[in-house]
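Chemist: Dropping a structure here in structure tokens format, bear with me for questions.
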Amino acid sequence: MNASLLNPFTVTHPTAVQTSLVSGACFARFDPTGKFVAAGRSDGSAAIWDLDTRAAIRWCEGHVKAVTSVDWSRNSRYVLTSSKDWNVIIWDLASPVDPPLRYTTIRFDAPVVSAYFHPRNSRIVLALLSTGEAYVVDSRKEHRARVELCEALSEGDDERARKVSSIMTTARFDPSGRHVFVGTSTGNVLVFNSRTKTMVARHRIAGAGSMKSLEFAKMGRRFATNSSDRTIRQFILPTYPSPSVGAECAILETELEPTHRFNDPISKVAWHAMSYSPDGEWLAGGAADPATHKIYIWDISNDGQFATALDGGREPLIDIHWHPQASRLASTTNQGSVLIWHCPAPERWGAFAGGFEEADENVMYEEGESEFDIENEVELAKRKKRQEDEEVDILGGVDDLVDHKVNGVAGDPGDEDLEWADDEPDDDWQGWRLKVIMVDDDDAY
């Protein structure tokens, strides 16, 4: 639909299912442009779907066990898949073959629970293992390393007691890439500096229980936690100092107080997943209801008020993800279907002309005094000639590419953490294009 015909004052969260992709997926993730969806499957493969044609255009087949997570590089050239087979594979979608070529494979010593690209450089990967260990893997020549993120001991704690009591259950980069946030089984959120790999903060969350997932708003100042006490909490992040390599720095020990708590007071349902809208004004939570497909949406800009509950049928929900640019959601059912939700809006025909008015019923039209008068053909030809000579901007306002270099977070030119991430940049440049692969009818999917 033409974006100029949409009323900007209509509801800005999804309300209805637009289409369903039967993909056998366990979860689905939009790419940064919003044109493609990557669906991880239990058979060890991942499918790349084109939302315009609603067809699978690439199959990433390389794992022998279930895929546990999928992530996109900032310009969508590379796709990362992690699996229970202990491997993380990075696929190059610029390769003119299907399946795409493997850019690299990272092997670990245990099943991989999740893995993510660094927001500024796809050669830096964060991985969380089923054993509760988190690693930052840097494949750049000058920085090549695999470093485990270790929680610093509190005063009076011995290392053995800490390992038994605290296990890392979820890990994410923040949108700027400066820090790694790790949730633990004891309800703490640990913050590590991405450059030095040292812990800079430990946040206690009272009554949270084990952390299941973390989610950040695009600007990075707000983040939400999903924990075992069936409550989603939103927090405002403090600022963290940038430590020096090899130097000891004081660890910020605080108890975070949530700005909002989200739960279902009636059914006390748990949550499978959560996702922020691109502008951070809406938060969606996927309910772990065994009988229905429910998505709860809260209005963050209106003091966290409950907005609506979307019903996707009788197939239970297992995952959700919000579109990076538009009011759309991807929710995955336990039967493997990916539901694409959108916000249908009436067309605003008054956008065609300033004096255009929409009428609810037929009215008599009053003709202007000289509206249909015959014009001088010479003057008419001159006016058309002048209009033809005017330059027409056919590219302005159309930008299919998304600048994710700073990922919505401004950085200072002298920022050591961002300069470290930008050193030895990857080749995930904005101008690349996905190759069209022609297949015979016998080989079609």
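Quick note on naming: the chains in the structure tokens go A, B, ... in the order shown, residues restart at 1 in each chain, and ligands are numbered from 1 in order of appearance.
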As number ranges by chain, please: all residues of region 80-194 of chain A that backbone DSSP puts in alpha helix (DSSP H).

Modeler: A: 159-165

Chemist: Mind checking which residues fall within 8 Å of Ile124 (chain A), counting only C-alpha atoms, ignoring those fewer than 6 positions away in the same chain, and posting them as a list in words?

Modeler: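 Listing them by chain and then by number gives Phe117, His118, Val136, Val137, Asp138, Ser139 and Arg140 of chain A.
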
Chemist: Give me the residues near region 233-235 of chain A as a PyMOL selection string, where near means some atom within 7 Å (using only C-alpha atoms) and where sequence neighbours in that chain fewer than 6 positions away do not count.

Modeler: chain A and resi 222-226+257-262

Chemist: May I have the residues within 7 Å of region 417-430 of chain A as a list in words, using only C-alpha atoms and disregarding those fewer than 2 positions away in the same chain?

Modeler: Asn75, Arg77, Arg120, Asn121, Ser122, Arg123, Arg140, Arg178, Arg195, Leu401, Asp415 and Trp432 of chain A

Chemist: I need the residues of region 182-333 of chain A that end up classed as strand (DSSP E or B) by DSSP on the backbone, written out as a PyMOL selection string.

Modeler: chain A and resi 182-184+188-193+199-204+211-216+222-227+232-236+252-255+260-262+271-276+282-287+294-299+305-311+317-322+329-333

Chemist: At a cut-off of 10 Å, using only C-alpha atoms, what residues contact region 325-339 of chain A? Leave out same-chain residues fewer than 6 positions from it and give the result as a count of residues only.

Modeler: 50

Chemist: Quote the spacing between CA of Ile48 (chain A) and CA of Phe216 (chain A) in Å to one decimal place.

Modeler: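 For CA of Ile48 (chain A) relative to CA of Phe216 (chain A), the distance reads 24.1 Å.
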
Chemist: Tell me which protein, DNA and RNA residues are within 10 Å of Glu148 (chain A), counting only C-alpha atoms, leaving out same-chain ones fewer than 5 positions away, and put them as a list in words.

Modeler: Leu126, Ala127, Leu128, Glu133, Ala134, Tyr135, Val136, Val137, Lys197 and Thr198 of chain A

Chemist: As an exercise, work out the distance from CA of Pro175 (chain A) to CA of Cys249 (chain A) in Å and give it to one decimal place.

Modeler: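 According to the coordinates, CA of Pro175 (chain A) and CA of Cys249 (chain A) are separated by 23.2 Å.
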
Chemist: Kindly indicate which residue among A:Met168, A:Leu256, A:Ile205, A:Ile57 lies nearest to Val113 (chain A), using only C-alpha atoms for the distances.

Modeler: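 Once distances to Val113 (chain A) are computed over only C-alpha atoms, the minimum belongs to A:Met168.
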